[in-house]
$ cat final-v5.tsv   # TSV, C-alpha atoms
chain	number	residue	atom	x	y	z
A	1	MET	CA	-18.50	1.85	5.80
A	2	SER	CA	-19.19	4.06	8.82
A	3	ARG	CA	-16.51	5.61	11.01
A	4	ASP	CA	-17.52	3.27	13.85
A	5	LYS	CA	-16.92	0.30	11.55
A	6	ALA	CA	-13.59	1.79	10.50
A	7	THR	CA	-12.61	1.96	14.17
A	8	GLU	CA	-13.59	-1.69	14.59
A	9	TRP	CA	-11.29	-2.54	11.70
A	10	LYS	CA	-8.44	-0.58	13.28
A	11	ILE	CA	-8.83	-2.47	16.53
A	12	SER	CA	-9.08	-5.86	14.84
A	13	MET	CA	-6.27	-5.30	12.32
A	14	SER	CA	-3.68	-3.33	14.29
A	15	ASN	CA	-0.42	-5.25	13.83
A	16	ASN	CA	-2.27	-8.57	13.58
A	17	ALA	CA	-1.44	-11.19	10.96
A	18	VAL	CA	-3.50	-10.75	7.79
A	19	THR	CA	-4.19	-12.93	4.78
A	20	ASN	CA	-6.61	-11.29	2.38
A	21	THR	CA	-7.35	-13.51	-0.60
A	22	LEU	CA	-9.91	-11.16	-2.22
A	23	ASP	CA	-12.25	-14.06	-2.93
A	24	LYS	CA	-15.57	-12.33	-2.20
A	25	ASP	CA	-14.84	-8.82	-0.93
A	26	LEU	CA	-12.05	-6.37	-0.20
A	27	GLY	CA	-11.44	-7.62	3.32
A	28	SER	CA	-9.56	-5.08	5.41
A	29	LEU	CA	-9.14	-2.66	2.46
A	30	GLY	CA	-12.55	-1.12	3.10
A	31	ASN	CA	-11.58	2.49	2.35
A	32	ALA	CA	-12.20	2.05	-1.38
A	33	TRP	CA	-13.05	4.28	-4.29
A	34	ASN	CA	-14.13	3.22	-7.80
A	35	VAL	CA	-13.15	-0.39	-7.16
A	36	PRO	CA	-15.04	-3.30	-8.79
A	37	ALA	CA	-15.99	-6.46	-6.96
A	38	PRO	CA	-13.40	-9.28	-6.97
A	39	VAL	CA	-13.49	-11.67	-9.92
A	40	ASN	CA	-11.94	-15.13	-9.62
A	41	GLY	CA	-10.05	-14.12	-6.49
A	42	ALA	CA	-8.55	-10.92	-7.85
A	43	VAL	CA	-9.33	-7.21	-8.08
A	44	THR	CA	-8.22	-5.01	-10.98
A	45	LEU	CA	-7.80	-1.27	-10.45
A	46	SER	CA	-7.81	0.85	-13.60
A	47	GLY	CA	-8.37	4.50	-14.41
A	48	SER	CA	-8.50	6.35	-11.10
A	49	SER	CA	-9.26	3.88	-8.32
A	50	SER	CA	-7.95	2.82	-4.95
A	51	MET	CA	-8.50	0.61	-1.91
A	52	MET	CA	-6.84	0.89	1.48
A	53	GLU	CA	-7.09	-0.06	5.11
A	54	TRP	CA	-8.48	2.77	7.23
A	55	ALA	CA	-5.81	5.26	8.34
A	56	THR	CA	-7.36	6.43	11.61
A	57	GLY	CA	-4.34	7.06	13.82
A	58	PRO	CA	-0.71	6.13	14.56
A	59	ASP	CA	-1.73	2.65	15.72
A	60	ALA	CA	-3.81	1.88	12.62
A	61	GLY	CA	-2.58	-0.76	10.21
A	62	HIS	CA	0.59	-2.71	10.91
A	63	GLY	CA	4.17	-2.33	12.05
A	64	TYR	CA	7.32	-4.44	11.95
A	65	GLY	CA	6.92	-7.58	9.90
A	66	THR	CA	6.73	-9.05	6.41
A	67	TYR	CA	4.30	-7.65	3.83
A	68	THR	CA	3.65	-9.65	0.65
A	69	VAL	CA	1.32	-8.60	-2.16
A	70	THR	CA	0.74	-10.76	-5.23
A	71	ALA	CA	0.04	-8.36	-8.08
A	72	LYS	CA	0.28	-7.82	-11.83
A	73	VAL	CA	1.18	-4.33	-13.07
A	74	ASP	CA	0.20	-3.43	-16.64
A	75	GLY	CA	1.62	-0.44	-18.51
A	76	ASN	CA	4.91	1.43	-18.83
A	77	GLN	CA	3.89	4.70	-17.17
A	78	PRO	CA	3.49	5.79	-13.55
A	79	GLY	CA	0.02	5.09	-12.19
A	80	PRO	CA	-0.25	1.77	-10.35
A	81	ALA	CA	1.21	1.34	-6.88
A	82	VAL	CA	1.13	-0.79	-3.76
A	83	ILE	CA	1.44	1.68	-0.89
A	84	LEU	CA	1.87	1.43	2.86
A	85	TRP	CA	0.27	4.73	3.91
A	86	PRO	CA	0.97	6.51	7.23
A	87	GLY	CA	-1.42	5.33	9.93
A	88	ASP	CA	-2.16	8.91	10.98
A	89	ASN	CA	-3.11	9.84	7.38
A	90	GLN	CA	-0.61	12.73	7.36
A	91	TRP	CA	1.70	13.49	4.44
A	92	PRO	CA	4.58	14.04	3.98
A	93	GLY	CA	5.32	11.17	6.28
A	94	GLN	CA	6.50	7.58	6.48
A	95	GLU	CA	5.14	6.13	3.25
A	96	PHE	CA	6.53	2.85	1.87
A	97	ASN	CA	5.78	1.94	-1.76
A	98	MET	CA	6.24	-1.73	-2.51
A	99	VAL	CA	5.94	-1.24	-6.26
A	100	GLU	CA	5.63	1.72	-8.64
A	101	ILE	CA	6.61	2.39	-12.28
A	102	THR	CA	9.45	4.75	-13.21
A	103	PRO	CA	8.52	7.92	-15.19
A	104	ASP	CA	11.02	7.34	-18.02
A	105	GLY	CA	8.74	5.19	-20.20
A	106	SER	CA	10.84	2.06	-19.69
A	107	GLY	CA	8.21	0.31	-17.59
A	108	ARG	CA	10.79	-0.45	-14.91
A	109	GLN	CA	9.43	-1.04	-11.45
A	110	TYR	CA	10.83	0.16	-8.15
A	111	GLY	CA	10.27	0.42	-4.39
A	112	THR	CA	10.43	3.56	-2.26
A	113	VAL	CA	10.84	4.67	1.34
A	114	HIS	CA	9.48	8.19	2.06
A	115	TRP	CA	9.93	10.28	5.20
A	116	ASN	CA	9.15	13.76	6.47
A	117	ASN	CA	12.25	15.97	6.14
A	118	ASN	CA	11.36	19.09	8.13
A	119	GLY	CA	7.98	19.39	6.40
A	120	SER	CA	9.15	18.28	2.95
A	121	ASP	CA	8.99	14.87	1.34
A	122	ALA	CA	12.25	12.96	1.15
A	123	TYR	CA	12.70	9.50	-0.33
A	124	GLN	CA	15.09	6.77	-1.42
A	125	THR	CA	14.37	4.20	-4.13
A	126	VAL	CA	15.52	0.82	-5.40
A	127	VAL	CA	14.85	-0.27	-9.01
A	128	TYR	CA	13.65	-3.83	-9.57
A	129	ASP	CA	15.95	-4.80	-12.44
A	130	GLY	CA	14.71	-7.72	-14.49
A	131	VAL	CA	11.12	-7.59	-13.21
A	132	SER	CA	8.62	-7.49	-16.08
A	133	SER	CA	5.18	-5.96	-16.19
A	134	GLY	CA	2.19	-7.90	-17.49
A	135	GLN	CA	2.68	-10.89	-15.20
A	136	PHE	CA	2.05	-11.67	-11.56
A	137	HIS	CA	4.86	-11.25	-9.04
A	138	ASP	CA	5.12	-11.59	-5.28
A	139	TYR	CA	6.21	-8.20	-3.97
A	140	THR	CA	7.61	-8.43	-0.44
A	141	MET	CA	8.74	-5.77	2.01
A	142	VAL	CA	10.30	-6.60	5.37
A	143	TRP	CA	10.15	-3.82	7.99
A	144	GLU	CA	12.31	-4.39	11.04
A	145	PRO	CA	14.09	-2.12	13.53
A	146	GLY	CA	16.41	0.13	11.54
A	147	LYS	CA	15.95	-1.65	8.21
A	148	ILE	CA	13.51	-2.05	5.29
A	149	SER	CA	14.16	-4.66	2.59
A	150	PHE	CA	12.43	-5.21	-0.75
A	151	LYS	CA	12.07	-8.55	-2.56
A	152	VAL	CA	10.34	-9.67	-5.76
A	153	ASP	CA	9.55	-13.37	-6.17
A	154	ASN	CA	11.77	-14.00	-3.13
A	155	THR	CA	14.77	-12.34	-4.83
A	156	GLU	CA	16.42	-9.56	-2.80
A	157	MET	CA	16.20	-6.24	-4.66
A	158	GLY	CA	17.72	-3.90	-2.09
A	159	SER	CA	17.45	-2.56	1.42
A	160	PHE	CA	17.78	0.67	3.41
A	161	THR	CA	19.14	1.25	6.89
A	162	GLU	CA	18.80	5.04	7.13
A	163	ASN	CA	15.66	7.10	7.82
A	164	ILE	CA	13.74	3.99	8.89
A	165	PRO	CA	10.96	4.83	11.37
A	166	ALA	CA	9.92	2.81	14.40
A	167	ASP	CA	6.48	1.19	14.43
A	168	PHE	CA	3.74	2.08	16.92
A	169	ASN	CA	4.67	-0.59	19.46
A	170	ASN	CA	8.18	0.86	19.59
A	171	GLY	CA	7.28	4.51	19.97
A	172	GLY	CA	6.58	5.36	16.32
A	173	MET	CA	3.70	4.77	13.94
A	174	ASN	CA	2.17	1.95	11.90
A	175	ASN	CA	1.25	1.98	8.21
A	176	THR	CA	-1.90	0.86	6.41
A	177	ILE	CA	-1.90	-1.32	3.28
A	178	GLY	CA	-3.25	0.26	0.10
A	179	VAL	CA	-3.38	-0.25	-3.67
A	180	LEU	CA	-4.09	2.46	-6.25
A	181	ASN	CA	-4.05	3.34	-9.92
A	182	ASN	CA	-4.23	6.91	-11.24
A	183	ASN	CA	-3.48	6.61	-14.96
A	184	PRO	CA	-5.95	5.64	-17.72
A	185	SER	CA	-3.12	3.84	-19.56
A	186	THR	CA	-2.18	1.54	-16.67
A	187	SER	CA	-3.76	-0.94	-14.27
A	188	ILE	CA	-2.88	-3.19	-11.37
A	189	THR	CA	-4.45	-6.55	-10.51
A	190	VAL	CA	-4.09	-7.90	-6.97
A	191	SER	CA	-4.86	-11.47	-5.91
A	192	ASN	CA	-3.41	-11.81	-2.41
A	193	ILE	CA	-2.29	-9.56	0.45
A	194	GLN	CA	-0.46	-10.92	3.48
A	195	PHE	CA	1.16	-9.45	6.57
A	196	THR	CA	3.04	-11.42	9.20
A	197	PRO	CA	4.27	-9.59	12.33
A	198	LEU	CA	8.01	-9.70	12.98
A	199	GLY	CA	9.05	-12.93	14.68
A	200	GLU	CA	5.86	-14.82	13.83
A	201	GLN	CA	5.21	-17.55	11.30
A	202	ALA	CA	2.91	-16.88	8.37
A	203	VAL	CA	-0.65	-17.91	9.10
A	204	SER	CA	-3.78	-18.14	7.01
A	205	VAL	CA	-6.24	-15.75	8.59
A	206	VAL	CA	-8.69	-14.68	5.90
A	207	THR	CA	-10.04	-11.23	6.72
A	208	SER	CA	-13.56	-11.53	5.39
A	209	ALA	CA	-15.29	-8.18	5.69
A	210	ALA	CA	-18.62	-9.89	5.07
A	211	ALA	CA	-18.29	-11.65	8.42
A	212	GLN	CA	-17.47	-8.51	10.40
A	213	VAL	CA	-18.74	-5.36	8.69
A	214	ASP	CA	-21.13	-4.36	5.94
A	215	VAL	CA	-19.12	-3.91	2.72
A	216	ALA	CA	-20.76	-3.94	-0.71
A	217	VAL	CA	-19.37	-6.36	-3.26
A	218	THR	CA	-20.36	-4.29	-6.26
A	219	SER	CA	-18.51	-1.17	-7.40
A	220	ILE	CA	-17.50	0.54	-4.16
A	221	ALA	CA	-17.32	4.26	-3.45
A	222	VAL	CA	-16.70	5.60	0.05
A	223	ALA	CA	-17.87	9.14	0.73
A	224	ASP	CA	-17.22	9.44	4.49
A	225	THR	CA	-15.58	12.73	5.32
A	226	GLY	CA	-12.57	12.87	7.57
A	227	TYR	CA	-10.74	9.98	5.91
A	228	VAL	CA	-8.55	9.52	2.87
A	229	ASP	CA	-9.74	11.35	-0.25
A	230	TRP	CA	-8.06	9.16	-2.85
A	231	ASP	CA	-9.28	11.41	-5.69
A	232	ALA	CA	-7.33	14.25	-4.10
A	233	LEU	CA	-4.33	11.96	-3.68
A	234	ALA	CA	-4.43	11.12	-7.39
A	235	ALA	CA	-4.52	14.84	-8.21
A	236	THR	CA	-1.60	15.44	-5.84
A	237	ALA	CA	0.45	12.70	-7.49
A	238	THR	CA	-0.21	14.24	-10.90
A	239	ALA	CA	0.75	17.72	-9.70
A	240	ASN	CA	3.94	16.34	-8.15
A	241	PHE	CA	4.89	14.68	-11.42
A	242	GLU	CA	4.28	17.84	-13.42
A	243	ALA	CA	6.40	19.86	-10.99
A	244	THR	CA	9.28	17.43	-10.39
A	245	GLY	CA	9.14	14.65	-12.97
A	246	GLN	CA	8.62	12.13	-10.16
A	247	TRP	CA	5.41	10.35	-9.24
A	248	PHE	CA	4.83	10.32	-5.50
A	249	LEU	CA	2.21	11.14	-2.90

$ encode --input "final-v5.tsv" --output "structure tokens"
Amino acid sequence: MSRDKATEWKISMSNNAVTNTLDKDLGSLGNAWNVPAPVNGAVTLSGSSSMMEWATGPDAGHGYGTYTVTAKVDGNQPGPAVILWPGDNQWPGQEFNMVEITPDGSGRQYGTVHWNNNGSDAYQTVVYDGVSSGQFHDYTMVWEPGKISFKVDNTEMGSFTENIPADFNNGGMNNTIGVLNNNPSTSITVSNIQFTPLGEQAVSVVTSAAAQVDVAVTSIAVADTGYVDWDALAATATANFEATGQWFL
């Protein structure tokens, strides 16, 4: 996808309702690397692979609202993640992880809120007790003024009211939706991605990239410079784990 097309996506997707069913293509997640075409309405990321909305500026992606991703995480090691990446593509920054795997070998899943603490990464986490890998779950995050809440299968898992940023429309920055895997022993399968702006009802707006931009439906690799290098992100996550014992970007 060209940079001009990425800009078109930013304009069309910025804080708009999204329902991406992954039936024929990756929809808004056009910044993809090593991702196979959807099969039976789902995409499986294994090895080192990723797909994300284009992070082209503070207004890219989405702000306050409800994010729901239907996904199946396989494995008991860090590697798969559903990430809301900073719209300006700068890290450390406001990164929200809707699901990751703990590094203790237990296979437990958790959610994270990251922020920039004077140039260093800071974060707070909530463990999803009782949530099993190897089966599909609805992972939900609600971002509202001063609060972020995490749910799994509509069950409240925890919430945070400190270090919560404002979205772009309220003087802050939006985040872009992404999914990645960076471990050969794990994978993540995604079948539905939905965002509903705060105060609106959920709607079914299928974001078919085939109708708006040229996106291949075979194995996808994006080589545009100036955007997210997910290979480098995977290397960064590995280096962070080796240095701190925690997987993060």

$ atom_distance --input "final-v5.tsv" --atom1 "atom CA of Tyr123 of chain A" --atom2 "atom CA of Gly79 of chain A"
17.9 Å

$ closest_residue --input "final-v5.tsv" --among "A:Gly119, A:Pro38, A:Gly171, A:Gly65" --to "Thr140 of chain A" --atoms "all atoms listed in the file"
A:Gly65

$ residues_around --input "final-v5.tsv" --residues "Ile164 of chain A" --least-positions-apart "5" --cutoff "12 Å" --atoms "all atoms listed in the file" --output "VMD selection string"
chain A and resid 63 to 64 93 to 96 112 to 116 122 to 124 142 to 149 159 172 to 173

$ residues_around --input "final-v5.tsv" --residues "Gly30 of chain A" --least-positions-apart "2" --cutoff "6 Å" --atoms "only C-alpha atoms" --output "list of chain:residue names"
A:Ser28, A:Ala32, A:Glu53

$ atom_distance --input "final-v5.tsv" --atom1 "atom CA of Pro165 of chain A" --atom2 "atom CA of Thr66 of chain A"
15.3 Å

$ residues_around --input "final-v5.tsv" --residues "Met51 of chain A" --least-positions-apart "5" --cutoff "9 Å" --atoms "all atoms listed in the file" --output "PyMOL selection string"
chain A and resi 26+29-35+45+177-180+230

$ closest_residue --input "final-v5.tsv" --among "A:Gly87, A:Gly134, A:Pro36, A:Gly158" --to "Ser187 of chain A" --atoms "all atoms listed in the file"
A:Gly134

$ atom_distance --input "final-v5.tsv" --atom1 "atom CA of Asn181 of chain A" --atom2 "atom CA of Ser133 of chain A"
14.5 Å

$ closest_residue --input "final-v5.tsv" --among "A:Asn117, A:Asn169, A:Gln194, A:Gln135" --to "Gly75 of chain A" --atoms "all atoms listed in the file"
A:Gln135
